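Data block for entry.txt (compact mmCIF, C-alpha atoms):
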# COMPACT_ATOMS: atom_id res chain seq x y z
CA MET S 35 139.46 21.76 58.02
CA SER S 36 142.49 24.02 57.61
CA ALA S 37 142.30 27.74 56.96
CA GLN S 38 143.92 27.15 53.59
CA ALA S 39 141.21 24.68 52.61
CA LEU S 40 138.53 27.21 53.51
CA ARG S 41 140.00 29.63 51.01
CA MET S 42 139.95 27.18 48.12
CA PRO S 43 137.33 27.55 45.36
CA ARG S 44 134.39 25.23 45.74
CA SER S 45 133.63 22.33 43.40
CA GLY S 46 136.91 22.75 41.54
CA PHE S 47 135.71 26.12 40.32
CA GLY S 48 138.65 27.81 38.65
CA ARG S 49 139.77 30.62 36.36
CA GLY S 50 138.20 29.11 33.25
CA GLN S 51 134.75 29.00 34.82
CA VAL S 52 135.04 32.59 36.08
CA GLN S 53 136.07 33.77 32.63
CA ALA S 54 133.15 31.85 31.11
CA VAL S 55 130.64 33.59 33.40
CA ALA S 56 132.17 37.01 32.69
CA GLY S 57 132.26 36.32 28.96
CA CYS S 58 128.62 35.24 28.93
CA TYR S 59 127.63 38.40 30.76
CA PHE S 60 129.53 40.49 28.19
CA VAL S 61 127.78 38.73 25.32
CA ALA S 62 124.31 38.91 26.87
CA SER S 63 124.57 42.59 27.84
CA PHE S 64 125.17 43.81 24.27
CA ALA S 65 121.57 44.71 23.55
CA ALA S 66 120.86 45.91 27.10
CA LEU S 67 123.77 48.40 26.99
CA GLY S 68 124.17 49.07 23.29
CA LEU S 69 120.62 49.83 22.15
CA PRO S 70 119.20 52.32 24.74
CA PRO S 71 121.36 55.20 23.39
CA TYR S 72 119.42 54.78 20.12
CA LEU S 73 115.95 55.16 21.64
CA THR S 74 115.62 58.54 19.93
CA GLU S 75 115.85 56.68 16.61
CA ILE S 76 113.66 53.74 17.66
CA LEU S 77 110.65 55.59 19.08
CA PRO S 78 109.70 57.53 15.91
CA GLU S 79 109.15 54.15 14.23
CA LEU S 80 106.64 53.33 16.99
CA GLY S 81 104.60 56.52 16.76
CA ASP S 82 106.51 58.78 19.16
CA ARG S 83 107.80 61.11 16.44
CA GLN S 84 109.55 63.51 18.82
CA ALA S 85 110.94 60.66 20.98
CA ARG S 86 109.48 62.36 24.03
CA TRP S 87 109.39 59.09 25.96
CA ALA S 88 113.08 58.30 25.40
CA GLY S 89 114.19 59.52 28.83
CA VAL S 90 111.49 57.57 30.65
CA LEU S 91 111.97 54.37 28.67
CA TYR S 92 115.74 54.59 29.17
CA VAL S 93 115.29 53.86 32.88
CA VAL S 94 112.30 51.48 32.67
CA PRO S 95 114.44 48.28 32.61
CA THR S 96 116.56 49.69 35.45
CA VAL S 97 113.54 50.44 37.65
CA PHE S 98 111.93 47.04 37.19
CA GLY S 99 115.31 45.32 37.42
CA ALA S 100 115.83 46.96 40.81
CA LEU S 101 112.42 45.80 42.01
CA GLY S 102 112.98 42.22 40.89
CA ALA S 103 116.65 41.71 41.86
CA PRO S 104 116.17 40.93 45.61
CA LEU S 105 113.40 38.40 44.87
CA TRP S 106 115.40 36.60 42.18
CA GLY S 107 118.41 36.53 44.52
CA ARG S 108 116.45 34.85 47.30
CA LEU S 109 114.99 32.35 44.83
CA ALA S 110 118.52 31.56 43.64
CA ASP S 111 119.57 30.71 47.20
CA ARG S 112 116.57 28.44 47.51
CA PHE S 113 116.39 26.70 44.12
CA GLY S 114 119.96 26.94 42.79
CA ARG S 115 122.17 29.76 41.48
CA LYS S 116 122.82 28.11 38.14
CA ARG S 117 119.10 27.69 37.44
CA LEU S 118 118.39 31.33 38.21
CA LEU S 119 121.36 32.49 36.13
CA LEU S 120 120.03 30.51 33.17
CA ARG S 121 116.59 31.98 33.85
CA ALA S 122 118.03 35.49 33.66
CA GLN S 123 119.72 34.84 30.31
CA LEU S 124 116.61 33.25 28.82
CA GLY S 125 114.49 36.07 30.21
CA LEU S 126 116.65 38.59 28.38
CA ALA S 127 116.34 36.61 25.15
CA VAL S 128 112.53 36.58 25.38
CA SER S 129 112.27 40.29 26.19
CA PHE S 130 114.65 41.26 23.37
CA LEU S 131 112.60 39.25 20.88
CA LEU S 132 109.42 40.98 22.04
CA ALA S 133 111.08 44.41 21.82
CA GLY S 134 112.42 43.72 18.34
CA TRP S 135 109.02 42.68 16.99
CA ALA S 136 106.94 45.25 18.88
CA ASP S 137 104.78 47.30 16.50
CA SER S 138 103.53 49.92 18.97
CA LEU S 139 104.90 52.07 21.76
CA THR S 140 102.82 50.14 24.28
CA ALA S 141 104.17 46.76 23.18
CA PHE S 142 107.73 48.09 23.19
CA THR S 143 107.28 49.47 26.71
CA VAL S 144 105.94 46.12 27.92
CA ALA S 145 109.02 44.43 26.45
CA LEU S 146 111.32 46.82 28.34
CA VAL S 147 109.40 46.15 31.56
CA LEU S 148 109.88 42.43 31.01
CA GLN S 149 113.56 43.03 30.29
CA GLY S 150 113.91 44.53 33.76
CA ILE S 151 111.82 41.90 35.53
CA LEU S 152 113.14 38.82 33.72
CA GLY S 153 116.75 39.94 33.27
CA GLY S 154 119.14 40.70 36.11
CA THR S 155 122.08 38.80 34.60
CA PHE S 156 124.67 40.84 36.51
CA ALA S 157 123.22 40.11 39.95
CA ALA S 158 122.59 36.47 38.98
CA SER S 159 126.18 36.08 37.75
CA ASN S 160 127.57 37.62 40.93
CA GLY S 161 125.35 35.41 43.07
CA TYR S 162 126.60 32.36 41.17
CA LEU S 163 130.23 33.41 41.65
CA GLY S 164 129.55 34.22 45.30
CA ALA S 165 128.40 30.64 45.88
CA ALA S 166 131.48 29.21 44.16
CA LEU S 167 134.26 31.48 45.48
CA GLU S 168 135.17 33.47 48.55
CA GLY S 169 137.67 36.02 49.78
CA PRO S 170 140.26 37.40 47.33
CA ALA S 171 139.22 34.92 44.64
CA LEU S 172 135.65 36.26 44.75
CA SER S 173 136.68 39.93 44.79
CA LYS S 174 138.94 39.32 41.78
CA ALA S 175 136.07 37.58 39.97
CA LEU S 176 133.75 40.51 40.75
CA THR S 177 136.42 42.86 39.40
CA LEU S 178 136.47 40.84 36.19
CA MET S 179 132.67 41.04 35.99
CA GLN S 180 132.84 44.81 36.20
CA GLY S 181 135.40 44.67 33.40
CA SER S 182 132.86 42.82 31.27
CA ALA S 183 130.30 45.54 31.98
CA ARG S 184 132.77 48.31 31.08
CA ALA S 185 133.82 46.53 27.89
CA ALA S 186 130.20 46.08 26.80
CA LEU S 187 129.46 49.71 27.59
CA VAL S 188 132.31 50.77 25.29
CA VAL S 189 131.91 48.26 22.46
CA ALA S 190 128.16 47.66 22.20
CA PRO S 191 127.03 51.17 21.09
CA ILE S 192 129.76 51.16 18.41
CA VAL S 193 128.64 47.79 17.04
CA VAL S 194 124.98 48.81 17.08
CA GLY S 195 125.84 52.00 15.22
CA ALA S 196 127.83 50.07 12.63
CA LEU S 197 124.95 47.64 12.06
CA SER S 198 122.41 50.46 11.72
CA GLY S 199 123.22 50.88 8.04
CA TRP S 200 121.82 47.40 7.38
CA LEU S 201 119.26 46.92 10.16
CA SER S 202 117.45 49.52 12.26
CA PRO S 203 118.28 49.61 15.99
CA HIS S 204 114.67 48.64 16.68
CA ARG S 205 114.97 45.37 14.76
CA GLN S 206 118.42 44.74 16.21
CA TYR S 207 116.72 43.89 19.51
CA ALA S 208 115.37 40.73 17.84
CA LEU S 209 118.71 39.94 16.19
CA LEU S 210 120.71 40.41 19.38
CA ALA S 211 118.34 38.13 21.30
CA VAL S 212 120.50 35.29 20.02
CA LEU S 213 123.34 36.48 22.28
CA PRO S 214 121.76 35.79 25.70
CA LEU S 215 120.36 32.57 24.26
CA THR S 216 123.88 31.53 23.27
CA ALA S 217 125.15 32.55 26.70
CA ALA S 218 122.52 30.34 28.34
CA LEU S 219 123.65 27.36 26.28
CA LEU S 220 127.27 27.95 27.29
CA LEU S 221 126.40 28.40 30.97
CA ALA S 222 124.44 25.15 30.98
CA ALA S 223 127.78 23.32 30.88
CA LEU S 224 129.02 24.91 34.12
CA PRO S 225 128.58 23.16 37.49
CA GLU S 226 126.11 24.12 40.18
CA PRO S 227 128.18 25.57 43.06
CA GLU S 228 128.21 23.45 46.18
CA PRO S 229 128.17 24.94 49.70
CA VAL S 230 131.54 25.03 51.37
CA GLU S 231 132.07 22.94 54.47
CA ARG S 232 133.03 25.10 57.41
CA SER S 233 134.41 23.83 60.66
CA GLN S 234 132.60 24.96 63.78
CA LYS S 235 135.96 25.65 65.41
CA THR S 236 138.60 27.87 63.94
CA SER S 237 141.94 29.05 65.19
CA LYS S 238 141.64 32.34 63.33
CA PRO S 239 141.05 35.45 65.46
CA VAL S 240 137.48 36.72 65.51
CA ASP S 241 138.71 40.09 64.23
CA GLU S 242 139.57 38.57 60.84
CA ALA S 243 136.00 37.37 60.33
CA VAL S 244 134.49 40.82 60.81
CA PRO S 245 133.83 42.64 57.51
CA ALA S 246 135.57 45.95 56.89
CA VAL S 247 132.12 47.57 56.57
CA SER S 248 128.63 46.50 57.53
CA LEU S 249 126.13 45.38 54.93
CA LYS S 250 124.15 48.62 55.35
CA VAL S 251 127.27 50.69 54.74
CA LEU S 252 128.06 48.60 51.64
CA TYR S 253 124.58 49.28 50.24
CA ALA S 254 124.94 53.02 50.98
CA LEU S 255 128.36 53.15 49.29
CA GLU S 256 127.00 51.31 46.25
CA PHE S 257 124.11 53.77 45.92
CA ALA S 258 126.38 56.81 46.34
CA PHE S 259 128.97 55.49 43.91
CA VAL S 260 126.48 54.70 41.14
CA PHE S 261 124.68 58.01 41.67
CA SER S 262 127.84 60.12 41.52
CA THR S 263 129.20 58.40 38.40
CA VAL S 264 126.08 57.64 36.34
CA ILE S 265 124.72 61.17 36.72
CA SER S 266 127.43 62.39 34.32
CA PHE S 267 126.51 59.93 31.55
CA PRO S 268 123.30 61.26 29.92
CA TYR S 269 124.42 64.82 29.18
CA LEU S 270 128.16 64.38 28.68
CA ILE S 271 127.93 64.70 24.88
CA ALA S 272 125.96 67.94 25.29
CA LEU S 273 128.58 69.24 27.75
CA VAL S 274 131.42 68.43 25.34
CA ASP S 275 129.62 70.18 22.51
CA ASP S 276 128.98 73.18 24.77
CA ARG S 277 132.66 73.47 25.73
CA ILE S 278 134.17 72.56 22.35
CA PRO S 279 131.64 73.42 19.61
CA GLY S 280 131.92 71.33 16.49
CA THR S 281 133.36 68.25 18.22
CA SER S 282 132.84 65.17 16.05
CA PRO S 283 130.57 62.38 17.32
CA ALA S 284 133.52 59.98 17.19
CA LEU S 285 135.64 62.19 19.47
CA SER S 286 132.71 62.74 21.85
CA GLY S 287 132.19 58.98 22.00
CA ALA S 288 135.88 58.45 22.73
CA LEU S 289 135.72 60.95 25.61
CA PHE S 290 132.64 59.15 26.95
CA ALA S 291 134.45 55.80 26.83
CA LEU S 292 137.75 57.00 28.31
CA PRO S 293 137.01 56.32 32.04
CA HIS S 294 135.78 52.83 31.20
CA LEU S 295 138.94 52.16 29.20
CA VAL S 296 140.99 53.21 32.25
CA TYR S 297 139.17 50.50 34.22
CA LEU S 298 139.84 47.86 31.58
CA VAL S 299 143.59 48.46 31.55
CA SER S 300 144.18 48.99 35.28
CA ALA S 301 141.52 47.14 37.30
CA LEU S 302 143.53 44.01 38.10
CA ALA S 303 146.58 46.05 39.15
CA VAL S 304 144.37 48.19 41.40
CA HIS S 305 142.83 45.03 42.87
CA ALA S 306 146.28 43.71 43.77
CA ALA S 307 147.18 47.03 45.41
CA PHE S 308 143.98 47.60 47.41
CA ARG S 309 142.50 44.16 48.13
CA ASP S 310 143.82 44.37 51.71
CA ARG S 311 142.81 48.02 52.26
CA PRO S 312 139.46 48.55 50.53
CA ARG S 313 138.36 51.39 52.83
CA ALA S 314 141.36 53.46 51.72
CA GLY S 315 140.63 52.52 48.11
CA ILE S 316 136.98 53.56 48.23
CA ALA S 317 137.84 56.87 49.95
CA LEU S 318 140.50 57.62 47.34
CA GLY S 319 138.10 56.58 44.58
CA PHE S 320 135.37 58.98 45.72
CA THR S 321 138.00 61.73 46.06
CA CYS S 322 139.10 61.24 42.45
CA ILE S 323 135.46 61.19 41.31
CA ALA S 324 134.71 64.44 43.17
CA LEU S 325 137.77 66.19 41.72
CA GLY S 326 137.22 64.75 38.25
CA LEU S 327 133.58 65.77 38.05
CA ALA S 328 134.32 69.22 39.46
CA GLY S 329 136.99 69.53 36.78
CA HIS S 330 134.36 68.83 34.11
CA GLY S 331 132.63 72.01 35.17
CA ALA S 332 135.78 74.07 34.53
CA ALA S 333 137.32 72.23 31.56
CA GLY S 334 137.26 74.32 28.38
CA SER S 335 139.70 72.56 26.05
CA LEU S 336 140.23 69.08 24.66
CA ALA S 337 143.37 68.56 26.75
CA SER S 338 141.61 69.54 29.98
CA LEU S 339 138.62 67.31 29.15
CA ILE S 340 140.93 64.36 28.55
CA ALA S 341 142.67 65.05 31.87
CA VAL S 342 139.46 65.17 33.91
CA ARG S 343 138.07 62.10 32.13
CA LEU S 344 141.24 60.20 33.06
CA LEU S 345 140.92 61.38 36.66
CA LEU S 346 137.30 60.24 36.68
CA GLY S 347 138.47 56.91 35.25
CA ALA S 348 140.92 56.52 38.14
CA GLY S 349 138.10 57.16 40.61
CA LEU S 350 135.79 54.78 38.75
CA THR S 351 138.42 52.04 38.87
CA LEU S 352 139.32 52.53 42.54
CA GLY S 353 135.66 52.66 43.52
CA LEU S 354 134.51 49.62 41.57
CA VAL S 355 137.45 47.48 42.65
CA SER S 356 137.13 48.47 46.31
CA LEU S 357 133.38 47.84 46.25
CA SER S 358 134.09 44.36 44.83
CA VAL S 359 136.49 43.65 47.70
CA LEU S 360 134.01 44.95 50.29
CA ALA S 361 131.19 42.92 48.72
CA ALA S 362 133.28 39.74 48.78
CA ASP S 363 134.10 40.47 52.42
CA CYS S 364 130.43 40.92 53.33
CA ALA S 365 129.45 37.77 51.42
CA LYS S 366 131.26 35.51 53.89
CA GLY S 367 128.72 33.52 55.82
CA ARG S 368 125.74 34.95 53.90
CA ALA S 369 123.49 33.54 51.19
CA PRO S 370 125.10 35.13 48.10
CA GLY S 371 121.98 35.27 45.94
CA GLY S 372 120.02 37.39 48.39
CA MET S 373 122.97 39.64 49.20
CA PHE S 374 123.96 40.36 45.61
CA GLY S 375 120.32 40.76 44.62
CA SER S 376 119.88 43.42 47.31
CA LEU S 377 123.17 45.05 46.28
CA GLU S 378 121.88 45.24 42.71
CA PHE S 379 118.71 46.92 43.99
CA PHE S 380 120.72 49.75 45.54
CA SER S 381 122.91 49.99 42.45
CA LYS S 382 119.94 50.39 40.14
CA ALA S 383 118.23 52.73 42.60
CA GLY S 384 121.33 54.93 42.43
CA ALA S 385 121.19 54.88 38.63
CA VAL S 386 117.50 55.87 38.59
CA ALA S 387 118.10 58.69 41.09
CA ALA S 388 121.05 59.86 38.99
CA GLY S 389 118.95 59.93 35.83
CA VAL S 390 116.23 61.99 37.52
CA ALA S 391 118.75 64.39 39.07
CA ALA S 392 120.61 64.76 35.77
CA ALA S 393 117.44 65.58 33.86
CA ALA S 394 116.23 68.08 36.47
CA GLY S 395 119.63 69.70 36.92
CA SER S 396 120.34 70.00 33.23
CA ALA S 397 116.93 71.49 32.48
CA ARG S 398 117.33 74.09 35.24
CA PHE S 399 121.04 74.97 35.15
CA GLY S 400 122.47 73.60 31.89
CA PRO S 401 124.64 70.62 30.84
CA ALA S 402 127.31 71.26 33.49
CA ALA S 403 124.83 70.74 36.36
CA PRO S 404 124.91 66.90 36.41
CA VAL S 405 128.70 66.66 36.81
CA LEU S 406 128.66 69.28 39.57
CA ILE S 407 125.85 67.49 41.42
CA GLY S 408 127.73 64.20 41.09
CA GLY S 409 130.96 65.79 42.31
CA ALA S 410 129.20 67.23 45.35
CA ALA S 411 127.66 63.83 46.17
CA ALA S 412 131.09 62.17 45.90
CA ALA S 413 132.67 64.81 48.15
CA VAL S 414 130.00 64.31 50.81
CA THR S 415 130.60 60.54 50.65
CA VAL S 416 134.35 61.03 51.17
CA VAL S 417 133.64 63.01 54.35
CA ALA S 418 131.24 60.30 55.55
CA ILE S 419 133.85 57.57 54.92
CA LEU S 420 136.58 59.43 56.79
CA LEU S 421 134.42 60.12 59.84
CA PRO S 422 135.14 57.68 62.69
CA THR S 423 132.67 54.81 62.83
CA PRO S 424 130.73 54.73 66.14
CA ASN S 425 131.53 51.70 68.27
CA HIS S 426 133.73 50.26 65.49
CA ARG S 427 136.23 48.89 68.01
CA THR S 428 133.43 47.37 70.10
CA ARG S 429 131.96 45.53 67.11
CA ARG S 430 135.31 44.09 66.10
CA SER S 431 136.10 42.86 69.58
CA ARG S 432 132.92 40.85 69.93
How does the structure come out when it is put into structure tokens?
Amino acid sequence: MSAQALRMPRSGFGRGQVQAVAGCYFVASFAALGLPPYLTEILPELGDRQARWAGVLYVVPTVFGALGAPLWGRLADRFGRKRLLLRAQLGLAVSFLLAGWADSLTAFTVALVLQGILGGTFAASNGYLGAALEGPALSKALTLMQGSARAALVVAPIVVGALSGWLSPHRQYALLAVLPLTAALLLAALPEPEPVERSQKTSKPVDEAVPAVSLKVLYALEFAFVFSTVISFPYLIALVDDRIPGTSPALSGALFALPHLVYLVSALAVHAAFRDRPRAGIALGFTCIALGLAGHGAAGSLASLIAVRLLLGAGLTLGLVSLSVLAADCAKGRAPGGMFGSLEFFSKAGAVAAGVAAAAGSARFGPAAPVLIGGAAAAVTVVAILLPTPNHRTRRSR
């Protein structure tokens, strides 16, 4: 088989199918990303009048999603990626229904636990794509998947807020359960990816088959990236209000969304520029994140906040795109379900660690602490990336 044939998508899997998977993830993630910001409004209806459990319940799906992701990934490799992707969508639908009809804090908590255990649509979608594509085609598809996540993160809270005048966010869980159910029906029409046939002999140099980073390094970069970016999320609105008193909720929301909008408009161009040099892209991304978050600590005007949010958006885009390229590189020759399931574990672990660090730092040092902690973590990661890798030349020459 020629080298060109090895790069071709499997089972005739093309752009339309990739867009369908990304679109279904966007649709299904509406409730998962749009409703948690409204936990402070939901919990008083369930008996927690001061919403004291909001911070804990915010990370409950993430924690249990992290625990379940590696297992679901291995099961996908064994029983079929399409089946496990459909399972994830249906699992979300069931958990959303239970959350929407819960009449006590205990029942609502159980529903969120089930959301984490039964969900995992992002890892399942990536595992499905990893079985159908490889190389640049896979990294571009993973970039598109991250675009779906960013778009949902921007749009979903706005839609939930707009619907709140007619239906409480609590009951919207049950309404929005129809979205992952619809996604499952649409995904049922897609093919089950078939394994690619690989020749035992290849004329390509061994060097080209060696990933740019090891799997362990990829997991460490994923954890560090999620930690350094997510840590700024929970208390950003409080930081904006502290620096510019009287800022409207709409303007605060726009500042929150700005880095994600940068990703949406520039991700594909960044992918084209850095798909052949992901190590440089990830180093530059962490550098922009470190400078952007440090700038949050000093910004005292709307113009300066916009500037540092744009710089953070550049780092977010470079980091996410480069991680997609590195993940596609590491996926060659590996069972994609297990690999992407494990990658999701480290991603969610980074998010949980970021939430804990943000809460502790903010309580002790104020709303600027999370961005400074995240900036320091990003700076340390840049140094680690730029350090020479031991025995790198030896590994590549084997």
Report as an NGL selection string all protein, DNA and RNA residues lying within 8 Å of Leu210 in chain S, evaluated on all atoms listed in the file, omitting residues in the same chain fewer than 4 positions from it. :S and (64-65 or 130 or 206 or 214)
Prev. selection, C-alpha atoms, output as a compact mmCIF listing (two decimals), in the coordinates of the input:
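Output file result_17.txt is given in full below:
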# COMPACT_ATOMS: atom_id res chain seq x y z
CA PHE S 64 125.17 43.81 24.27
CA ALA S 65 121.57 44.71 23.55
CA PHE S 130 114.65 41.26 23.37
CA GLN S 206 118.42 44.74 16.21
CA PRO S 214 121.76 35.79 25.70
What does the structure give for the distance between CA of Pro70 in chain S and CA of Thr281 in chain S, in Å to one decimal?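 CA of Pro70 in chain S sits 22.3 Å away from CA of Thr281 in chain S.
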Give the answer as one residue: which of S:Gly48, S:Pro422, S:Gly154, S:Gly57 has the shortest atom-to-atom distance to Thr216 in chain S, using only C-alpha atoms?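 The answer is S:Gly57, which sits nearest to Thr216 in chain S.
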Among S:Leu249, S:Ala412, S:Leu131, S:Leu255, Leu357 in chain S is approached most closely, using only C-alpha atoms, by S:Leu255
Please determine, counting all atoms listed in the file, which residue among S:Ala393, S:Val416, S:Leu105, S:Val247 has the shortest atom-to-atom distance to Gly89 in chain S. S:Ala393
Which residues are near Ala223 in chain S? Cut-off 12 Å, all atoms listed in the file, ignore same chain within fewer than 6 positions. Put them as a list in words.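 Surrounding residues, per the criterion: Gln51, Ala54, Val55, Lys116, Arg117, Leu120, Thr216 and Ala217 of chain S.
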Using all atoms listed in the file, which protein or nucleic acid residues come within 10 Å of Leu109 in chain S? Drop anything in the same chain fewer than 5 positions from it, and give the result as a PyMOL selection string. chain S and resi 103-104+114-115+117-118+371-372+375
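Considering the residues S:Pro279, S:Pro170, S:Gly384, S:Gly181 and counting all atoms listed in the file, Phe308 in chain S has its shortest atom-to-atom contact with S:Pro170.
Restricting the calculation to only C-alpha atoms, the smallest distance between Leu219 in chain S and any of S:His305, S:Arg121, S:Arg112, S:Lys366 is found for S:Arg121.
Put simply, CA of Leu139 in chain S is 10.9 Å away from CA of Arg83 in chain S.
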Centre and edge lengths, as JSON, for the axis-aligned box enclosing every listed atom of range 141-159 of chain S with 6 Å of padding on each of the six sides, in Å to one decimal?
{"center_x": 115.2, "center_y": 42.8, "center_z": 31.6, "size_x": 34.0, "size_y": 25.4, "size_z": 28.8}
Residues within 9 Å of Arg184 in chain S, please, as a short mmCIF file (atom, residue, chain, number, x, y, z; two decimals) with C-alpha atoms, keeping the file's coordinate frame. Count only C-alpha atoms; anything in the same chain fewer than 5 positions from it doesn't count.
data_model
loop_
_atom_site.label_atom_id
_atom_site.label_comp_id
_atom_site.auth_asym_id
_atom_site.auth_seq_id
_atom_site.Cartn_x
_atom_site.Cartn_y
_atom_site.Cartn_z
CA PHE S 60 129.53 40.49 28.19
CA MET S 179 132.67 41.04 35.99
CA VAL S 189 131.91 48.26 22.46
CA ALA S 291 134.45 55.80 26.83
CA HIS S 294 135.78 52.83 31.20
CA LEU S 295 138.94 52.16 29.20
CA TYR S 297 139.17 50.50 34.22
CA LEU S 298 139.84 47.86 31.58
#
Which residues come within 9 Å of Leu69 in chain S, counting all atoms listed in the file, excluding same-chain residues fewer than 4 positions away, as a VMD selection string? chain S and resid 64 to 65 73 190 to 191 194 to 195 203 to 204 206 to 207
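Rounded to one decimal, CA of Leu344 in chain S and CA of Ile316 in chain S lie 17.1 Å from each other.
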Can you save range 153-169 of chain S of the given block to a file, including N, CA, C and O atoms and formatted as a compact mmCIF listing (two decimals), in the first residue's frame?
# COMPACT_ATOMS: atom_id res chain seq x y z
N GLY S 153 -21.88 10.26 30.53
CA GLY S 153 -21.64 11.18 29.43
C GLY S 153 -20.31 10.88 28.74
O GLY S 153 -20.07 9.79 28.25
N GLY S 154 -19.44 11.88 28.70
CA GLY S 154 -18.16 11.70 28.02
C GLY S 154 -18.26 11.79 26.52
O GLY S 154 -17.56 11.08 25.78
N THR S 155 -19.15 12.69 26.02
CA THR S 155 -19.34 12.78 24.57
C THR S 155 -18.11 13.31 23.84
O THR S 155 -17.85 12.95 22.69
N PHE S 156 -17.32 14.17 24.51
CA PHE S 156 -16.15 14.73 23.82
C PHE S 156 -15.11 13.65 23.57
O PHE S 156 -14.60 13.50 22.45
N ALA S 157 -14.78 12.87 24.61
CA ALA S 157 -13.81 11.79 24.44
C ALA S 157 -14.33 10.74 23.46
O ALA S 157 -13.58 10.21 22.63
N ALA S 158 -15.63 10.42 23.54
CA ALA S 158 -16.20 9.43 22.63
C ALA S 158 -16.16 9.91 21.19
O ALA S 158 -15.88 9.13 20.27
N SER S 159 -16.44 11.21 20.98
CA SER S 159 -16.39 11.77 19.63
C SER S 159 -14.97 11.74 19.08
O SER S 159 -14.74 11.39 17.92
N ASN S 160 -14.00 12.11 19.92
CA ASN S 160 -12.61 12.10 19.48
C ASN S 160 -12.12 10.69 19.20
O ASN S 160 -11.35 10.46 18.25
N GLY S 161 -12.54 9.72 20.02
CA GLY S 161 -12.18 8.34 19.76
C GLY S 161 -12.77 7.83 18.45
O GLY S 161 -12.11 7.10 17.70
N TYR S 162 -14.00 8.23 18.16
CA TYR S 162 -14.63 7.87 16.89
C TYR S 162 -13.86 8.47 15.72
O TYR S 162 -13.56 7.78 14.74
N LEU S 163 -13.52 9.75 15.82
CA LEU S 163 -12.77 10.40 14.75
C LEU S 163 -11.38 9.80 14.61
O LEU S 163 -10.85 9.65 13.50
N GLY S 164 -10.77 9.44 15.76
CA GLY S 164 -9.44 8.85 15.73
C GLY S 164 -9.41 7.49 15.05
O GLY S 164 -8.37 7.09 14.51
N ALA S 165 -10.52 6.78 15.04
CA ALA S 165 -10.61 5.50 14.34
C ALA S 165 -10.86 5.68 12.86
O ALA S 165 -10.58 4.79 12.06
N ALA S 166 -11.39 6.85 12.47
CA ALA S 166 -11.76 7.08 11.08
C ALA S 166 -10.72 7.87 10.31
O ALA S 166 -10.67 7.81 9.08
N LEU S 167 -9.89 8.66 11.01
CA LEU S 167 -8.95 9.56 10.36
C LEU S 167 -7.57 9.39 10.98
O LEU S 167 -7.43 8.82 12.05
N GLU S 168 -6.58 9.98 10.32
CA GLU S 168 -5.23 9.98 10.87
C GLU S 168 -4.45 11.16 10.32
O GLU S 168 -4.83 11.78 9.33
N GLY S 169 -3.35 11.48 11.00
CA GLY S 169 -2.47 12.53 10.53
C GLY S 169 -3.13 13.91 10.52
O GLY S 169 -3.94 14.25 11.39
